[in-house]
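Asker: My questions all concern the structure below.
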Amino acid sequence: MKVNKAEIVISAVSEKQYPNNRWPEIALAGRSNVGKSSFINKLINRKNLARTSSKPGKTQTLNFYTINDAFYFVDVPGYGYAKVSKKEREKWGEMMEEYFSLRDTLRLTVLIVDIRHKPTEDDRMMYDFLKHFEIPVLVIATKLDKIPKNKKDTHLKRVIKTLEMDPNDAVIPFSAETSEGKEEAWRYLSNYLK
Ligand code: GDP
């Protein structure tokens, strides 16, 4: 995919703020600091369009990006940051529920996990949550450059097993450092944008 244009259009906290022109949409979710912004920026060839909105203290919003005036990427606020208050966590949950239950233009969600580590309980919950809403999921196992090449398969198997992934769902190893997995990710995403 050649990205000619990528712009943030809105940071939304509730449904009435979502864009309503019905372009197909791909959401991106993951634990705080997992490498979600780096994944988005790498895919759209920008250094810094997607910001780390998940950083502690920042407002938790759904960030809508238009890509090539044809579809949306939606950056979902990161989860699993320990120091978030109960109230903020609840607000996050309500925002997630509203978005994933109502958004009928959502075609696919990319769930980003760290290939170095066993997926966390939060990662499992996010995967189950998406399956519950019957949303197609692509798992991206990022930071591939941080493990030895000969460990790749073992680490991928651990991701699949820990998330108890549906055999029909794919996992793609990826690195924002080396761009490995970028073309494969775009090929996969493109199938959901037709
Ligand atoms: P976010 O909070 O999920 O958006 O995470 P960021 O994209 O800000 O990444 C968190 C940290 O991980 C940053 O220091 C990134 O430079 C680093 N990072 C992200 N992806 C990769 C990767 O594929 N390889 C390596 N080595 N570092 C990465």
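For the structure tokens, the naming scheme is as follows: chains receive sequential letters (A, B, ...) according to their order of presentation, residues are indexed from 1 within each chain, and ligands are indexed from 1 in presentation order.
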Taking only C-alpha atoms and all ligand atoms into account, which residues have an atom no farther than 8 Å from ligand 1? I'd like them as a count of residues only.
Answerer: 28
Asker: At a cut-off of 12 Å, using only C-alpha atoms, what residues contact Lys16 of chain A? Leave out same-chain residues fewer than 2 positions from it and give the result as a ChimeraX atom specification.
Answerer: /A:10-14,18-20,95,98-99,102-103
Asker: Please provide the set of residues having any atom within 12 Å of Val110 of chain A, restricted to only C-alpha atoms, with same-chain residues fewer than 3 positions apart removed, written as a PyMOL selection string.
Answerer: chain A and resi 25-30+36+39-40+73-76+106-107+113+126-127+130+135-142+169-172+185-186+188-189+192
Asker: Would you mind reading off the distance between atom CA of Arg22 of chain A and atom CA of Ile67 of chain A, one decimal, in Å?
Answerer: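 Calculated distance between atom CA of Arg22 of chain A and atom CA of Ile67 of chain A is 13.5 Å.
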Asker: In Å, with one decimal, what is the gap from atom CA of Lys161 of chain A to atom CA of Lys118 of chain A?
Answerer: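 Between atom CA of Lys161 of chain A and atom CA of Lys118 of chain A the gap works out to 9.4 Å.
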Asker: If you run DSSP over the backbone, which residues in segment 54-156 of chain A end up strand (DSSP E)? Put them as a VMD selection string.
Answerer: chain A and resid 62 to 67 71 to 75 106 to 114 137 to 142
Asker: Since we have the selection now, will you write its residues out, keeping N, CA and C atoms, as a tab-separated table (two decimals), in the first residue's frame?
Answerer:
chain	number	residue	atom	x	y	z
A	62	LEU	N	-10.02	8.08	21.33
A	62	LEU	CA	-9.92	7.29	20.11
A	62	LEU	C	-9.46	8.24	19.01
A	63	ASN	N	-8.27	8.02	18.48
A	63	ASN	CA	-7.73	8.93	17.48
A	63	ASN	C	-7.99	8.40	16.07
A	64	PHE	N	-8.77	9.16	15.31
A	64	PHE	CA	-9.13	8.75	13.95
A	64	PHE	C	-8.18	9.40	12.94
A	65	TYR	N	-7.53	8.56	12.12
A	65	TYR	CA	-6.66	9.04	11.06
A	65	TYR	C	-7.26	8.69	9.70
A	66	THR	N	-7.33	9.65	8.79
A	66	THR	CA	-7.74	9.31	7.42
A	66	THR	C	-6.49	8.90	6.67
A	67	ILE	N	-6.62	7.82	5.91
A	67	ILE	CA	-5.50	7.33	5.10
A	67	ILE	C	-5.93	7.38	3.63
A	71	PHE	N	-9.87	5.40	3.81
A	71	PHE	CA	-10.25	4.61	4.99
A	71	PHE	C	-9.67	5.24	6.25
A	72	TYR	N	-10.07	4.69	7.39
A	72	TYR	CA	-9.58	5.21	8.68
A	72	TYR	C	-8.73	4.19	9.42
A	73	PHE	N	-7.71	4.68	10.08
A	73	PHE	CA	-7.05	3.95	11.15
A	73	PHE	C	-7.57	4.57	12.45
A	74	VAL	N	-7.93	3.74	13.41
A	74	VAL	CA	-8.35	4.28	14.70
A	74	VAL	C	-7.40	3.76	15.79
A	75	ASP	N	-6.67	4.70	16.35
A	75	ASP	CA	-5.72	4.39	17.41
A	75	ASP	C	-6.49	4.36	18.73
A	106	LEU	N	-16.33	-0.75	11.20
A	106	LEU	CA	-15.07	-1.37	11.64
A	106	LEU	C	-14.91	-2.73	10.96
A	107	ARG	N	-13.82	-2.89	10.20
A	107	ARG	CA	-13.63	-4.12	9.44
A	107	ARG	C	-12.71	-5.10	10.15
A	108	LEU	N	-11.73	-4.57	10.87
A	108	LEU	CA	-10.68	-5.41	11.46
A	108	LEU	C	-10.03	-4.66	12.61
A	109	THR	N	-9.61	-5.40	13.64
A	109	THR	CA	-8.80	-4.79	14.68
A	109	THR	C	-7.43	-5.46	14.71
A	110	VAL	N	-6.40	-4.63	14.73
A	110	VAL	CA	-5.03	-5.11	14.85
A	110	VAL	C	-4.69	-5.08	16.34
A	111	LEU	N	-4.40	-6.25	16.88
A	111	LEU	CA	-3.99	-6.32	18.29
A	111	LEU	C	-2.48	-6.49	18.34
A	112	ILE	N	-1.82	-5.52	18.96
A	112	ILE	CA	-0.36	-5.52	18.96
A	112	ILE	C	0.17	-6.06	20.28
A	113	VAL	N	1.02	-7.08	20.18
A	113	VAL	CA	1.65	-7.65	21.38
A	113	VAL	C	3.16	-7.62	21.18
A	114	ASP	N	3.88	-7.79	22.28
A	114	ASP	CA	5.34	-7.78	22.27
A	114	ASP	C	5.85	-9.21	22.09
A	137	VAL	N	-9.73	-10.21	13.91
A	137	VAL	CA	-8.53	-9.75	14.61
A	137	VAL	C	-7.27	-10.20	13.85
A	138	LEU	N	-6.34	-9.27	13.70
A	138	LEU	CA	-4.99	-9.62	13.26
A	138	LEU	C	-4.06	-9.33	14.43
A	139	VAL	N	-3.25	-10.31	14.81
A	139	VAL	CA	-2.28	-10.08	15.88
A	139	VAL	C	-0.93	-9.72	15.26
A	140	ILE	N	-0.37	-8.60	15.69
A	140	ILE	CA	0.97	-8.21	15.29
A	140	ILE	C	1.90	-8.44	16.48
A	141	ALA	N	2.92	-9.26	16.28
A	141	ALA	CA	3.90	-9.52	17.34
A	141	ALA	C	5.11	-8.66	17.05
A	142	THR	N	5.19	-7.52	17.72
A	142	THR	CA	6.20	-6.51	17.37
A	142	THR	C	7.49	-6.64	18.19
Asker: When distances are computed from only C-alpha atoms, which of A:Lys131, A:Lys2, A:Lys42, A:Arg116 shows the smallest separation from Thr154 of chain A?
Answerer: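 Among the listed residues, A:Arg116 lies closest to Thr154 of chain A.
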Asker: Please report, as a PyMOL selection string, each residue of chain A to which DSSP assigns helix (DSSP H, G or I) when run on this structure's backbone.
Answerer: chain A and resi 15-17+36-43+86-102+121-132+144-146+149-162+182-190
Asker: Can you tell me how far atom CA of Lys87 of chain A sits from atom CA of Asp122 of chain A, in Å to one decimal?
Answerer: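 A separation of 17.3 Å between them.
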Asker: Choose the residue, out of A:Glu164, A:Glu184, A:Asp123, A:Asp69, that has the smallest atom-to-atom separation from Val3 of chain A; count only C-alpha atoms.
Answerer: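 With only C-alpha atoms as the atom set, the closest residue is A:Asp69.
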Asker: Under the rule that only C-alpha atoms are counted, which of A:Gln60, A:His117, A:Ala70, A:Arg124 is the nearest residue to Glu88 of chain A?
Answerer: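 Residue with the minimum atom-to-atom distance to Glu88 of chain A: A:Gln60.
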Asker: I need the residue nearest Asp104 of chain A from this list: A:Pro24, A:Asn68, A:Lys194, A:Asp166. Use only C-alpha atoms for the distance.
Answerer: A:Pro24
